[in-house]
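K.L.:
You'll find final.csv just under this line, and it carries CSV, C-alpha atoms.
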```csv
chain,number,residue,atom,x,y,z
B,1,MET,CA,72.9,66.4,71.2
B,2,ARG,CA,71.0,67.5,68.2
B,3,LEU,CA,70.9,71.0,69.4
B,4,ALA,CA,74.7,71.1,69.9
B,5,ALA,CA,75.1,70.0,66.3
B,6,LEU,CA,72.8,72.7,65.1
B,7,GLU,CA,74.8,75.3,67.1
B,8,GLU,CA,78.1,74.0,65.6
B,9,PHE,CA,76.6,74.2,62.2
B,10,TRP,CA,75.5,77.8,62.8
B,11,ARG,CA,78.8,78.8,64.2
B,12,GLY,CA,80.5,77.2,61.2
B,13,CYS,CA,78.3,79.2,58.8
B,14,LEU,CA,79.2,82.4,60.6
B,15,GLY,CA,82.9,81.5,60.4
B,16,ALA,CA,83.0,81.4,64.2
B,17,ALA,CA,84.2,77.8,64.3
B,18,ARG,CA,87.7,77.3,65.6
B,19,ARG,CA,90.4,76.9,63.0
B,20,GLN,CA,89.8,73.2,62.2
B,21,PRO,CA,86.2,72.0,62.8
B,22,VAL,CA,86.1,68.6,64.4
B,23,THR,CA,82.4,67.8,64.3
B,24,PRO,CA,80.4,66.8,61.2
B,25,ALA,CA,78.0,69.8,61.6
B,26,ALA,CA,80.8,72.3,61.8
B,27,SER,CA,82.7,70.7,58.9
B,28,PHE,CA,79.6,70.7,56.8
B,29,ALA,CA,79.0,74.4,57.6
B,30,LEU,CA,82.6,75.2,56.7
B,31,GLY,CA,82.2,73.5,53.3
B,32,LEU,CA,78.8,75.2,52.7
B,33,ARG,CA,80.2,78.6,53.6
B,34,ALA,CA,83.2,78.1,51.3
B,35,VAL,CA,81.0,77.4,48.2
B,36,MET,CA,78.7,80.4,48.7
B,37,PRO,CA,80.7,82.9,46.7
B,38,LEU,CA,80.8,80.4,43.8
B,39,LEU,CA,77.0,80.2,43.9
B,40,LEU,CA,76.9,83.8,42.9
B,41,GLY,CA,78.6,82.9,39.7
B,42,VAL,CA,76.9,79.6,39.1
B,43,ALA,CA,73.3,80.8,39.6
B,44,PRO,CA,73.3,82.9,36.3
B,45,PHE,CA,74.7,79.9,34.4
B,46,GLY,CA,72.0,77.6,35.8
B,47,VAL,CA,69.3,80.1,34.7
B,48,ILE,CA,70.8,80.4,31.2
B,49,TYR,CA,71.1,76.6,31.0
B,50,GLY,CA,67.4,76.3,31.8
B,51,VAL,CA,66.6,78.7,29.0
B,52,VAL,CA,69.0,77.1,26.5
B,53,ALA,CA,67.6,73.6,27.3
B,54,LEU,CA,64.0,74.7,26.6
B,55,GLN,CA,65.1,76.5,23.3
B,56,SER,CA,66.7,73.2,22.2
B,57,GLY,CA,63.4,71.5,22.5
B,58,ILE,CA,64.0,69.7,25.7
B,59,PRO,CA,60.8,69.4,27.8
B,60,PRO,CA,60.9,71.3,31.1
B,61,LEU,CA,60.8,68.1,33.2
B,62,ALA,CA,63.7,66.6,31.3
B,63,ALA,CA,65.7,69.8,31.5
B,64,MET,CA,65.2,69.8,35.3
B,65,ALA,CA,66.0,66.1,35.6
B,66,MET,CA,69.2,66.6,33.7
B,67,SER,CA,70.5,68.9,36.5
B,68,SER,CA,70.2,65.9,38.9
B,69,ILE,CA,71.2,63.1,36.5
B,70,VAL,CA,74.2,64.7,34.8
B,71,PHE,CA,74.9,67.6,37.3
B,72,ALA,CA,77.7,69.2,35.4
B,73,GLY,CA,77.3,72.8,34.2
B,74,SER,CA,79.3,73.0,30.9
B,75,ALA,CA,78.4,69.4,30.0
B,76,GLN,CA,74.7,70.2,30.4
B,77,PHE,CA,75.0,73.2,28.1
B,78,LEU,CA,76.8,71.1,25.5
B,79,LEU,CA,74.2,68.3,25.8
B,80,ALA,CA,71.4,70.7,25.4
B,81,GLN,CA,73.0,72.3,22.3
B,82,LEU,CA,73.9,69.0,20.7
B,83,VAL,CA,70.4,67.6,21.3
B,84,GLY,CA,69.0,70.8,19.8
B,85,ALA,CA,71.2,70.4,16.7
B,86,GLY,CA,70.2,66.7,16.4
B,87,ALA,CA,73.7,65.4,16.8
B,88,PRO,CA,74.3,61.6,16.9
B,89,LEU,CA,73.8,60.1,20.3
B,90,LEU,CA,77.3,58.5,20.5
B,91,LEU,CA,79.0,61.8,19.6
B,92,THR,CA,77.0,63.6,22.2
B,93,ALA,CA,77.8,61.1,24.9
B,94,GLY,CA,81.5,61.2,23.9
B,95,ALA,CA,81.6,65.0,24.0
B,96,VAL,CA,80.1,65.0,27.5
B,97,GLY,CA,82.8,62.6,28.6
B,98,LEU,CA,85.6,64.8,27.2
B,99,VAL,CA,84.2,67.9,28.7
B,100,ASN,CA,84.1,66.2,32.1
B,101,LEU,CA,87.5,64.5,31.8
B,102,ARG,CA,89.2,67.0,34.2
B,103,HIS,CA,87.0,65.7,37.0
B,104,ALA,CA,89.2,62.6,37.0
B,105,LEU,CA,91.9,64.8,38.3
B,106,TYR,CA,89.7,65.9,41.2
B,107,SER,CA,88.9,62.3,41.8
B,108,ALA,CA,92.5,61.4,42.1
B,109,SER,CA,93.2,64.4,44.3
B,110,VAL,CA,90.6,63.6,46.9
B,111,ALA,CA,90.8,59.8,46.7
B,112,PRO,CA,93.5,59.4,49.4
B,113,MET,CA,91.5,61.6,51.8
B,114,LEU,CA,88.3,59.5,51.3
B,115,ALA,CA,90.0,56.1,51.3
B,116,ASN,CA,88.6,54.9,54.7
B,117,LEU,CA,85.0,55.9,54.0
B,118,PRO,CA,82.1,53.4,53.4
B,119,ARG,CA,81.2,53.0,49.8
B,120,ARG,CA,77.9,55.0,50.1
B,121,TRP,CA,79.9,58.0,51.1
B,122,LYS,CA,82.3,57.6,48.2
B,123,ILE,CA,79.5,57.4,45.8
B,124,LEU,CA,77.7,60.4,47.2
B,125,LEU,CA,80.9,62.6,47.2
B,126,ALA,CA,81.9,61.4,43.7
B,127,TYR,CA,78.4,62.4,42.4
B,128,LEU,CA,78.9,65.9,43.9
B,129,LEU,CA,82.5,66.3,42.7
B,130,THR,CA,82.2,69.4,40.5
B,131,ASP,CA,84.8,72.1,39.8
B,132,GLU,CA,83.2,74.4,42.3
B,133,ALA,CA,82.7,72.0,45.1
B,134,TYR,CA,86.3,70.7,44.7
B,135,ALA,CA,87.7,74.2,44.6
B,136,ALA,CA,85.8,75.4,47.6
B,137,ALA,CA,86.7,72.3,49.8
B,138,ILE,CA,90.2,71.5,48.8
B,139,PRO,CA,92.1,74.2,50.7
B,140,HIS,CA,90.3,73.1,53.9
B,141,LEU,CA,90.8,69.4,53.1
B,142,MET,CA,94.5,69.9,52.5
B,143,ALA,CA,94.8,71.8,55.9
B,144,VAL,CA,93.5,68.6,57.7
B,145,LYS,CA,96.3,66.5,59.2
B,146,PRO,CA,96.1,62.9,58.2
B,147,ASN,CA,95.1,60.5,61.0
B,148,SER,CA,94.0,63.4,63.2
B,149,SER,CA,90.5,63.6,64.8
B,150,GLN,CA,89.7,66.2,62.1
B,151,ALA,CA,90.6,63.8,59.4
B,152,ALA,CA,87.7,61.5,60.5
B,153,GLN,CA,85.2,64.4,59.8
B,154,ALA,CA,86.9,65.9,56.7
B,155,HIS,CA,84.6,64.4,54.2
B,156,TRP,CA,81.8,66.5,55.7
B,157,ILE,CA,83.6,69.6,54.4
B,158,LEU,CA,83.4,68.2,50.8
B,159,PHE,CA,79.8,67.2,51.4
B,160,GLY,CA,78.9,70.7,52.5
B,161,SER,CA,80.4,72.3,49.4
B,162,GLY,CA,79.0,69.6,47.1
B,163,PHE,CA,75.5,69.9,48.6
B,164,GLY,CA,75.5,73.7,48.6
B,165,LEU,CA,76.4,73.7,44.9
B,166,TRP,CA,73.9,71.0,44.1
B,167,ALA,CA,71.0,72.8,45.8
B,168,GLY,CA,72.0,76.1,44.2
B,169,TRP,CA,72.3,74.5,40.7
B,170,GLN,CA,68.8,72.9,41.0
B,171,LEU,CA,67.2,76.2,42.1
B,172,ALA,CA,68.9,78.1,39.3
B,173,THR,CA,67.9,75.6,36.7
B,174,LEU,CA,64.3,75.7,38.0
B,175,ALA,CA,64.3,79.5,37.7
B,176,GLY,CA,65.7,79.3,34.2
B,177,VAL,CA,63.0,76.7,33.2
B,178,LEU,CA,60.2,78.7,34.8
B,179,VAL,CA,60.9,82.4,34.2
B,180,GLY,CA,64.3,82.4,32.4
B,181,THR,CA,63.6,84.5,29.4
B,182,GLN,CA,62.5,87.5,31.4
B,183,LEU,CA,65.7,87.6,33.5
B,184,PRO,CA,68.6,89.9,32.6
B,185,SER,CA,71.3,87.3,31.9
B,186,ASN,CA,74.4,89.6,31.6
B,187,LEU,CA,75.0,91.2,34.9
B,188,GLY,CA,78.6,90.1,35.0
B,189,LEU,CA,77.9,87.9,38.0
B,190,ASP,CA,79.6,85.0,36.3
B,191,PHE,CA,82.9,86.9,37.0
B,192,ALA,CA,82.5,85.6,40.6
B,193,LEU,CA,83.7,82.2,39.4
B,194,PRO,CA,87.2,83.2,38.2
B,195,LEU,CA,87.5,85.7,41.1
B,196,THR,CA,86.7,83.0,43.7
B,197,PHE,CA,89.1,80.6,42.0
B,198,ILE,CA,91.8,83.3,42.2
B,199,ALA,CA,91.0,83.8,45.9
B,200,ILE,CA,91.5,80.0,46.4
B,201,VAL,CA,94.6,79.4,44.2
B,202,VAL,CA,96.8,82.5,44.9
B,203,PRO,CA,97.2,81.9,48.6
B,204,MET,CA,98.1,78.2,47.9
B,205,ILE,CA,101.1,79.2,45.8
B,206,ASN,CA,104.0,79.1,48.3
B,207,SER,CA,106.8,77.4,46.3
B,208,ARG,CA,108.5,77.8,43.0
B,209,ALA,CA,107.1,74.4,41.8
B,210,LEU,CA,103.5,75.5,42.6
B,211,PHE,CA,104.1,78.8,40.8
B,212,ALA,CA,105.5,77.1,37.8
B,213,ALA,CA,102.6,74.6,37.7
B,214,ALA,CA,100.2,77.6,37.7
B,215,VAL,CA,102.0,79.5,35.0
B,216,THR,CA,102.3,76.4,32.8
B,217,ALA,CA,98.6,75.4,33.2
B,218,GLY,CA,97.5,79.0,32.5
B,219,ALA,CA,99.7,79.4,29.4
B,220,VAL,CA,98.7,76.0,27.9
B,221,ALA,CA,95.0,76.6,28.6
B,222,VAL,CA,95.1,79.9,26.8
B,223,SER,CA,97.0,78.5,23.8
B,224,LEU,CA,94.8,75.4,23.5
B,225,ALA,CA,91.5,77.2,24.2
B,226,ALA,CA,90.3,76.7,20.7
B,227,MET,CA,90.3,72.9,21.1
B,228,PRO,CA,86.8,71.5,21.2
B,229,TYR,CA,85.1,70.0,24.3
B,230,LYS,CA,87.5,71.6,26.8
B,231,VAL,CA,90.2,69.1,25.9
B,232,GLY,CA,92.7,72.0,26.1
B,233,LEU,CA,91.7,72.6,29.7
B,234,PHE,CA,92.4,69.0,30.6
B,235,LEU,CA,95.8,69.0,28.7
B,236,ALA,CA,96.7,72.3,30.4
B,237,ALA,CA,96.0,70.9,33.9
B,238,LEU,CA,98.1,67.8,33.0
B,239,ALA,CA,101.0,70.0,31.8
B,240,GLY,CA,100.8,71.9,35.1
B,241,LEU,CA,101.0,68.7,37.1
B,242,VAL,CA,104.0,67.4,35.2
B,243,VAL,CA,106.0,70.7,35.4
B,244,GLY,CA,105.2,71.0,39.1
B,245,ALA,CA,106.2,67.5,39.9
B,246,ALA,CA,109.4,67.7,37.8
B,247,LEU,CA,110.5,70.8,39.7
B,248,THR,CA,109.9,69.2,43.1
B,249,ARG,CA,112.0,66.3,42.1
B,250,LYS,CA,114.9,68.6,41.1
B,251,ALA,CA,114.7,70.6,44.3
B,252,LYS,CA,115.3,67.3,46.3
N,1,MET,CA,62.5,58.5,25.1
N,2,ASN,CA,65.9,58.6,23.4
N,3,LEU,CA,66.6,61.8,25.3
N,4,TRP,CA,66.1,60.1,28.7
N,5,TRP,CA,68.5,57.3,27.7
N,6,LEU,CA,71.0,59.8,26.5
N,7,MET,CA,70.8,61.7,29.8
N,8,LEU,CA,71.2,58.6,31.8
N,9,ALA,CA,74.2,57.6,29.7
N,10,CYS,CA,75.8,61.1,30.1
N,11,GLY,CA,75.1,60.9,33.8
N,12,ALA,CA,76.7,57.5,34.1
N,13,ILE,CA,79.8,58.7,32.1
N,14,THR,CA,80.1,61.8,34.3
N,15,PHE,CA,79.7,59.9,37.5
N,16,GLY,CA,82.1,57.2,36.3
N,17,ILE,CA,84.8,59.9,35.7
N,18,ARG,CA,84.3,61.4,39.1
N,19,TYR,CA,84.2,58.1,40.9
N,20,SER,CA,87.1,56.5,39.0
N,21,PHE,CA,90.1,57.2,41.3
N,22,ILE,CA,87.9,57.4,44.5
N,23,ALA,CA,86.7,53.8,43.8
N,24,ALA,CA,90.1,52.5,42.8
N,25,GLU,CA,91.8,53.9,45.9
N,26,GLY,CA,93.2,51.0,48.0
N,27,HIS,CA,92.7,48.5,45.1
N,28,TYR,CA,95.8,49.5,43.2
N,29,GLN,CA,99.4,50.5,43.9
N,30,PRO,CA,100.0,53.7,42.0
N,31,PRO,CA,103.6,54.4,40.9
N,32,PRO,CA,105.5,56.9,43.2
N,33,TRP,CA,105.5,59.6,40.5
N,34,PHE,CA,101.7,59.5,40.4
N,35,ARG,CA,101.4,60.6,44.1
N,36,ARG,CA,103.9,63.5,43.4
N,37,LEU,CA,101.5,64.9,40.8
N,38,LEU,CA,98.5,65.1,43.2
N,39,PRO,CA,99.6,68.2,45.2
N,40,PHE,CA,99.5,70.2,42.0
N,41,VAL,CA,95.9,69.3,41.0
N,42,PRO,CA,94.1,72.2,42.6
N,43,ILE,CA,96.5,74.9,41.3
N,44,ALA,CA,96.9,73.4,37.8
N,45,ALA,CA,93.3,72.6,37.2
N,46,LEU,CA,91.8,75.9,38.6
N,47,THR,CA,94.4,78.1,36.9
N,48,ALA,CA,93.6,76.3,33.6
N,49,ILE,CA,90.0,77.4,34.1
N,50,VAL,CA,90.8,81.0,35.2
N,51,ALA,CA,93.5,82.0,32.7
N,52,PRO,CA,91.4,81.8,29.5
N,53,GLU,CA,88.6,83.7,31.3
N,54,LEU,CA,90.9,86.6,32.0
N,55,LEU,CA,93.1,86.7,28.9
N,56,LEU,CA,90.7,85.7,26.1
N,57,VAL,CA,87.9,87.9,24.7
N,58,GLN,CA,85.9,85.9,22.2
N,59,GLY,CA,88.9,83.6,21.5
N,60,GLU,CA,91.5,86.3,21.0
N,61,ILE,CA,94.2,87.2,23.5
N,62,ILE,CA,93.6,90.8,24.5
N,63,LEU,CA,96.1,92.5,26.8
N,64,GLY,CA,95.1,96.1,26.4
N,65,GLY,CA,92.9,98.3,28.6
N,66,GLY,CA,89.8,97.2,26.7
N,67,ASN,CA,90.0,93.8,28.5
N,68,HIS,CA,88.4,94.8,31.7
N,69,ARG,CA,88.3,91.3,33.1
N,70,LEU,CA,92.0,90.9,32.8
N,71,TRP,CA,92.8,94.0,34.8
N,72,ALA,CA,90.1,93.3,37.4
N,73,GLY,CA,91.5,89.8,37.6
N,74,LEU,CA,95.0,91.2,38.2
N,75,VAL,CA,93.7,93.4,41.0
N,76,ALA,CA,92.1,90.3,42.5
N,77,ILE,CA,95.4,88.3,42.2
N,78,LEU,CA,97.2,91.1,44.0
N,79,VAL,CA,94.6,91.4,46.8
N,80,ALA,CA,94.6,87.6,47.2
N,81,ALA,CA,98.4,87.5,47.4
N,82,ILE,CA,98.6,90.3,50.0
N,83,TRP,CA,95.5,89.7,52.3
N,84,ARG,CA,94.6,86.0,51.5
N,85,ASN,CA,91.0,86.8,52.2
N,86,THR,CA,88.3,85.2,49.9
N,87,LEU,CA,85.5,87.8,50.3
N,88,LEU,CA,87.9,90.7,50.1
N,89,THR,CA,89.4,89.3,46.9
N,90,ILE,CA,86.0,88.8,45.3
N,91,GLY,CA,84.8,92.2,46.4
N,92,CYS,CA,87.9,94.1,45.1
N,93,GLY,CA,87.7,92.2,41.8
N,94,PHE,CA,84.1,93.2,41.3
N,95,VAL,CA,84.7,96.8,42.3
N,96,ALA,CA,87.7,96.9,39.8
N,97,LEU,CA,85.5,95.5,37.0
N,98,PHE,CA,82.7,97.9,37.8
N,99,VAL,CA,85.1,100.9,37.8
N,100,LEU,CA,86.9,99.8,34.7
N,101,GLN,CA,83.6,99.4,32.8
N,102,ARG,CA,82.7,103.0,33.7
N,103,ILE,CA,85.9,104.8,32.9
```
Spell out the structure here as structure tokens.
P.N.:
Amino acid sequence: MRLAALEEFWRGCLGAARRQPVTPAASFALGLRAVMPLLLGVAPFGVIYGVVALQSGIPPLAAMAMSSIVFAGSAQFLLAQLVGAGAPLLLTAGAVGLVNLRHALYSASVAPMLANLPRRWKILLAYLLTDEAYAAAIPHLMAVKPNSSQAAQAHWILFGSGFGLWAGWQLATLAGVLVGTQLPSNLGLDFALPLTFIAIVVPMINSRALFAAAVTAGAVAVSLAAMPYKVGLFLAALAGLVVGAALTRKAK
Amino acid sequence: MNLWWLMLACGAITFGIRYSFIAAEGHYQPPPWFRRLLPFVPIAALTAIVAPELLLVQGEIILGGGNHRLWAGLVAILVAAIWRNTLLTIGCGFVALFVLQRI
């Protein structure tokens, strides 16, 4: 039994699983595989975060713990910088909330798919719900037909992506804390993030409404990029949602 | 000590945001328009992250040949649209960036 799960996991990692995995192990492997390219871009960020945190006067243990407690890339950068600058605590906490506001959209997006899970699963998957894990898992989650046998295992896909990113982030942070300053930080590897998002988003655009949502979100994000704490990002995503939904309604 | 409380608070806030709709699911009846927004979340949110990365260089919109990431990104968009293959898209994007930086 256990050996079979291991084999399915392995086949999933190699991409040899059939189109829609129906076992937990294969679903987990699919999610893990999907997040791998993003790790390439996330790892340098994690290393730099470790360095920035130490430079801000945060002790190594606390810098590491933050990667588990907060577990949010850009928010951790901000937190480290604000702590280093001696910013008021309330402002710091508020800023972290604003930076992470877009995660509420991911929460709303996956909520219907996780509706029937026990609470411990919901808590675990919410904790792991980052940009990267969501991006990696969502095309696969959307391909799962509701109420099918696959749907009962679909949360394992999100868990695979979430866990992969979590583990990579912890290792990268550790590397930054331990040896960060000696590493060349500007290899351009961070370009893997936009590239992977492009690889995820572009094939999903198959209607005028989706195309309009993408163009709107992109244009608003660029025009509002100067807003502090990534508020422009959140507003841009909202604008994309509204335009997309409005166009769907007209078409019907 | 303050630092640890601050980290715990920020962790709680972050988790609260991510858990919000997942926890509320089944306990509230969202208006119909709300459900219509959801299919657009992946596209809208991820494009909002990507567009500034490609178009902006230190806060300025740069469309010329000097903005290597923009052109490499456009190559990736084209490859993704034609072949719909993740690794191929990433590979071509990196190759394009590498080539552009060396021209």
K.L.:
Identify every residue of chain N that has at least one atom within 6 Å of any atom of chain B, counting all atoms listed in the file, and report the result as a PyMOL selection string.
P.N.:
chain N and resi 10-11+15+17-19+21-22+36-38+40+43-45+47-48+50-52+80-81+84+86+89-90
K.L.:
Calculate how many Å separate CA of Ser149 (chain B) from CA of Thr23 (chain B), rounding to one decimal.
P.N.:
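About the pair CA of Ser149 (chain B) and CA of Thr23 (chain B): they are 9.1 Å apart.
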K.L.:
At what distance in Å, to one decimal, does CA of Val99 (chain N) lie from CA of Glu53 (chain N)?
P.N.:
18.7 Å
K.L.:
Take CA of Ala152 (chain B) and CA of Pro31 (chain N) and report the distance between them in Å, one decimal.
P.N.:
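Between CA of Ala152 (chain B) and CA of Pro31 (chain N) the gap works out to 26.2 Å.
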K.L.:
Find the spatial neighbours of Leu100 (chain N), counting only C-alpha atoms, within a cut-off of 12 Å - ignore same-chain residues fewer than 4 positions away - and output them as number ranges by chain.
P.N.:
N: 65-73, 75, 92-96
